[in-house]
Amino acid sequence: MRSPRVSNHSDLVSEFILLGFPCTWEIQILLFSLFSVIYVLTLTGNLCIICAVWWDHHLHTPMYILLANFSFLEIWYVTSTVPNMLASFLSETRTVSFSGCFLQFYFFFSMGTTETFLLSAMAFDRYLAICRPLHYPTIMTVQRCIRMGAGCWVCGFSSFLLPVYLISQLPFCGPNTIDHFLCDPGPLMKLSCAPAPATEIICAIFNSVLIFSTFLFITSSYTLVIRAVLRVPSAEGRRKAFSTCGSHLAVVSLFFGSIMVMYVSPTTGNPTGVQKIVTLFYSVMTPLFNPLIYSLRNKEMKEALRKLFRIVRFGQRQPLKN
């Protein structure tokens, strides 16, 4: 039931104020410069991976197609928050409309959900390649890989409709100040002028099921992979297999470690400062680290990037065939 205080529709909040990182003007400019550089580097790194996979015919395999899909997701993932955060550093009002706030909420968390599904798909691909090598070419075809990637996007953007709908139906009659740099469900629910324990529990259960189910799937896949790798008689074969999976495991650890801190426990359990720092890590820093991790640990990717840079430098137009 809605609180009697909000029976008059005119009392409802029409916009929110995102506090972001309140500090002196000099620090604001410093943070603006820092996050601008991070944003440009993130876009550049992930675009390089996409272009390398597109141009190099040797990378037209399911593993690298999923990686390019993942890099494309990371570009939009960081774009859903950083440009608005950069604008807030230079703005005095820092307001966002009610609908704009929930649109950011929906797109940011839908892409985060899509990321959990894509990481699961990448783990499944590595499991098939290492544990079922004879069946891998027939099971994981390029067409099936593309359908799997598309399914991750569809599931990611449909899964988060319920939490967004439930929170958007809460009465917001003031105050309208969100002590965060994005429209996060925890601070949003704290602004509701009517208690919403059921919505908070539902969101906590939803987050826990989503995070733990995908995380357990990934860890189970890699447990089987590690068992299979340890049976490989050749030390070089074991090293190559671990090298292939190591970058993926590093990305999984960074992403799941931070979101578990934030969203597995009920939202009221995390102090505001911790929420900002952890959210900043998985929403801004991990998209920056991902292309570095994949390019530095993968010989084929490093070689494809070198060829791509030669194309850009010398103005060649032909695809990377060699």
# chains A, B, ... in the order shown; residues from 1 in each chain; ligands from 1
>>> select_by_dssp(residues="stretch 38-195 of chain A", states="strand (DSSP E)", output="list in words")
Thr95, Val96, Ser97, Thr177 and Ile178 of chain A
>>> closest_atom_pairs(of="stretch 43-117 of chain A", to="stretch 272-294 of chain A", cutoff="6 Å", atoms="only C-alpha atoms", output="Markdown table")
| residue | atom | partner | partner_atom | distance |
| --- | --- | --- | --- | --- |
| A:Gly45 | CA | A:Pro291 | CA | 5.5 |
| A:Asn46 | CA | A:Pro291 | CA | 5.7 |
| A:Glu74 | CA | A:Pro287 | CA | 5.5 |
| A:Val78 | CA | A:Val284 | CA | 5.9 |
>>> select_by_dssp(residues="stretch 70-188 of chain A", states="alpha helix (DSSP H)", output="ChimeraX atom specification")
/A:70-79,82-89,98-131,136-139,142-159,161-168,185-188
>>> closest_residue(among="A:Ile17, A:Leu224, A:Ile50, A:Ala235", to="A:Phe98", atoms="only C-alpha atoms")
A:Ile17
>>> residues_around(residues="A:Tyr39", least_positions_apart="3", cutoff="9 Å", atoms="only C-alpha atoms", output="PyMOL selection string")
chain A and resi 34-36+42-44+78-79+82-83+284+288
>>> closest_residue(among="A:Ile226, A:Ile167, A:Ile49, A:Leu210", to="A:Thr114", atoms="only C-alpha atoms")
A:Leu210
>>> residues_around(residues="stretch 109-113 of chain A", least_positions_apart="5", cutoff="7 Å", atoms="only C-alpha atoms", output="list in words")
Tyr77, Gly156, Phe157 and Phe160 of chain A
>>> closest_residue(among="A:Val209, A:Ala87, A:Leu249, A:Leu67", to="A:Ser159", atoms="only C-alpha atoms")
A:Val209
>>> closest_residue(among="A:Val154, A:Cys193, A:Ile75, A:Val225", to="A:Phe172", atoms="only C-alpha atoms")
A:Cys193
>>> closest_residue(among="A:Ala123, A:Met189, A:Leu308, A:Ile202", to="A:Thr177", atoms="only C-alpha atoms")
A:Met189
>>> closest_residue(among="A:Gly174, A:Pro163, A:Gly186, A:Pro233", to="A:Cys203", atoms="only C-alpha atoms")
A:Pro163
>>> residues_around(residues="A:Glu300", least_positions_apart="6", cutoff="10 Å", atoms="only C-alpha atoms", output="short mmCIF file (atom, residue, chain, number, x, y, z; two decimals) with N, CA, C and O atoms, in the first residue's frame")
data_model
loop_
_atom_site.label_atom_id
_atom_site.label_comp_id
_atom_site.auth_asym_id
_atom_site.auth_seq_id
_atom_site.Cartn_x
_atom_site.Cartn_y
_atom_site.Cartn_z
N ASP A 56 41.46 -10.34 -38.39
CA ASP A 56 42.33 -11.52 -38.46
C ASP A 56 41.49 -12.78 -38.63
O ASP A 56 40.74 -13.18 -37.74
N HIS A 58 42.37 -15.77 -38.52
CA HIS A 58 42.72 -16.82 -37.57
C HIS A 58 41.91 -16.71 -36.28
O HIS A 58 41.83 -17.67 -35.52
N LEU A 59 41.34 -15.55 -36.02
CA LEU A 59 40.56 -15.34 -34.79
C LEU A 59 39.06 -15.50 -35.03
O LEU A 59 38.28 -15.20 -34.14
N TYR A 64 37.15 -16.39 -29.76
CA TYR A 64 37.42 -14.98 -30.02
C TYR A 64 36.17 -14.21 -30.44
O TYR A 64 36.08 -13.00 -30.22
N ARG A 306 49.32 -6.60 -33.11
CA ARG A 306 50.48 -6.06 -33.80
C ARG A 306 50.20 -5.87 -35.29
O ARG A 306 50.57 -4.85 -35.88
#
>>> atom_distance(atom1="atom CA of A:Phe107", atom2="atom CA of A:Ser220")
28.9 Å
>>> atom_distance(atom1="atom CA of A:Leu47", atom2="atom CA of A:Gln143")
22.6 Å
>>> atom_distance(atom1="atom CA of A:Leu188", atom2="atom CA of A:Glu15")
12.0 Å
>>> decode(residues="stretch 64-76 of chain A", atoms="all heavy atoms", output="short mmCIF file (atom, residue, chain, number, x, y, z; two decimals), in the first residue's frame")
data_model
loop_
_atom_site.label_atom_id
_atom_site.label_comp_id
_atom_site.auth_asym_id
_atom_site.auth_seq_id
_atom_site.Cartn_x
_atom_site.Cartn_y
_atom_site.Cartn_z
N TYR A 64 37.15 -16.39 -29.76
CA TYR A 64 37.42 -14.98 -30.02
C TYR A 64 36.17 -14.21 -30.44
O TYR A 64 36.08 -13.00 -30.22
CB TYR A 64 38.53 -14.85 -31.06
CG TYR A 64 39.86 -15.30 -30.53
CD1 TYR A 64 40.41 -16.52 -30.92
CD2 TYR A 64 40.56 -14.54 -29.60
CE1 TYR A 64 41.62 -16.96 -30.43
CE2 TYR A 64 41.77 -14.97 -29.09
CZ TYR A 64 42.29 -16.17 -29.49
OH TYR A 64 43.50 -16.61 -28.97
N ILE A 65 35.21 -14.90 -31.03
CA ILE A 65 33.94 -14.24 -31.33
C ILE A 65 33.24 -13.86 -30.02
O ILE A 65 32.69 -12.75 -29.89
CB ILE A 65 33.04 -15.16 -32.19
CG1 ILE A 65 33.63 -15.29 -33.60
CG2 ILE A 65 31.62 -14.62 -32.27
CD1 ILE A 65 32.92 -16.32 -34.46
N LEU A 66 33.26 -14.77 -29.06
CA LEU A 66 32.69 -14.44 -27.74
C LEU A 66 33.48 -13.32 -27.07
O LEU A 66 32.90 -12.46 -26.40
CB LEU A 66 32.68 -15.69 -26.86
CG LEU A 66 31.66 -16.78 -27.22
CD1 LEU A 66 31.89 -18.02 -26.37
CD2 LEU A 66 30.23 -16.27 -27.03
N LEU A 67 34.79 -13.31 -27.24
CA LEU A 67 35.62 -12.26 -26.66
C LEU A 67 35.29 -10.90 -27.29
O LEU A 67 35.19 -9.89 -26.57
CB LEU A 67 37.10 -12.59 -26.86
CG LEU A 67 38.09 -11.52 -26.41
CD1 LEU A 67 37.91 -11.18 -24.93
CD2 LEU A 67 39.52 -11.97 -26.68
N ALA A 68 35.11 -10.86 -28.61
CA ALA A 68 34.73 -9.61 -29.27
C ALA A 68 33.35 -9.15 -28.79
O ALA A 68 33.12 -7.95 -28.59
CB ALA A 68 34.74 -9.81 -30.78
N ASN A 69 32.45 -10.09 -28.63
CA ASN A 69 31.12 -9.77 -28.09
C ASN A 69 31.23 -9.19 -26.69
O ASN A 69 30.55 -8.20 -26.34
CB ASN A 69 30.28 -11.05 -28.07
CG ASN A 69 28.79 -10.77 -28.08
OD1 ASN A 69 28.35 -9.69 -27.72
ND2 ASN A 69 28.01 -11.76 -28.49
N PHE A 70 32.11 -9.78 -25.89
CA PHE A 70 32.34 -9.31 -24.53
C PHE A 70 32.92 -7.89 -24.53
O PHE A 70 32.52 -7.04 -23.73
CB PHE A 70 33.29 -10.28 -23.83
CG PHE A 70 33.52 -9.99 -22.37
CD1 PHE A 70 32.52 -10.19 -21.45
CD2 PHE A 70 34.74 -9.52 -21.93
CE1 PHE A 70 32.72 -9.93 -20.10
CE2 PHE A 70 34.96 -9.26 -20.60
CZ PHE A 70 33.95 -9.46 -19.68
N SER A 71 33.87 -7.61 -25.42
CA SER A 71 34.45 -6.27 -25.51
C SER A 71 33.41 -5.25 -25.97
O SER A 71 33.40 -4.11 -25.49
CB SER A 71 35.64 -6.28 -26.48
OG SER A 71 36.70 -7.04 -25.96
N PHE A 72 32.54 -5.64 -26.89
CA PHE A 72 31.46 -4.76 -27.32
C PHE A 72 30.54 -4.42 -26.15
O PHE A 72 30.13 -3.27 -25.97
CB PHE A 72 30.67 -5.44 -28.45
CG PHE A 72 29.53 -4.61 -28.98
CD1 PHE A 72 29.76 -3.52 -29.81
CD2 PHE A 72 28.22 -4.94 -28.66
CE1 PHE A 72 28.70 -2.76 -30.29
CE2 PHE A 72 27.16 -4.19 -29.14
CZ PHE A 72 27.40 -3.10 -29.96
N LEU A 73 30.24 -5.43 -25.33
CA LEU A 73 29.43 -5.20 -24.15
C LEU A 73 30.12 -4.25 -23.18
O LEU A 73 29.48 -3.34 -22.61
CB LEU A 73 29.15 -6.54 -23.46
CG LEU A 73 28.48 -6.47 -22.07
CD1 LEU A 73 27.06 -5.93 -22.18
CD2 LEU A 73 28.50 -7.82 -21.39
N GLU A 74 31.42 -4.42 -22.99
CA GLU A 74 32.15 -3.57 -22.05
C GLU A 74 32.12 -2.10 -22.47
O GLU A 74 32.08 -1.20 -21.63
CB GLU A 74 33.60 -4.05 -21.93
CG GLU A 74 33.79 -5.41 -21.29
CD GLU A 74 33.47 -5.41 -19.82
OE1 GLU A 74 32.29 -5.22 -19.45
OE2 GLU A 74 34.39 -5.60 -19.02
N ILE A 75 32.15 -1.85 -23.77
CA ILE A 75 32.08 -0.47 -24.26
C ILE A 75 30.77 0.18 -23.84
O ILE A 75 30.74 1.31 -23.33
CB ILE A 75 32.23 -0.45 -25.79
CG1 ILE A 75 33.67 -0.80 -26.17
CG2 ILE A 75 31.84 0.92 -26.36
CD1 ILE A 75 33.89 -0.97 -27.66
N TRP A 76 29.67 -0.52 -24.02
CA TRP A 76 28.36 0.05 -23.66
C TRP A 76 28.15 0.05 -22.15
O TRP A 76 27.47 0.91 -21.60
CB TRP A 76 27.25 -0.72 -24.36
CG TRP A 76 27.23 -0.43 -25.82
CD1 TRP A 76 27.63 -1.26 -26.83
CD2 TRP A 76 26.84 0.80 -26.44
NE1 TRP A 76 27.51 -0.63 -28.04
CE2 TRP A 76 27.02 0.62 -27.84
CE3 TRP A 76 26.36 2.01 -25.97
CZ2 TRP A 76 26.73 1.63 -28.75
CZ3 TRP A 76 26.06 3.02 -26.88
CH2 TRP A 76 26.25 2.83 -28.24
#
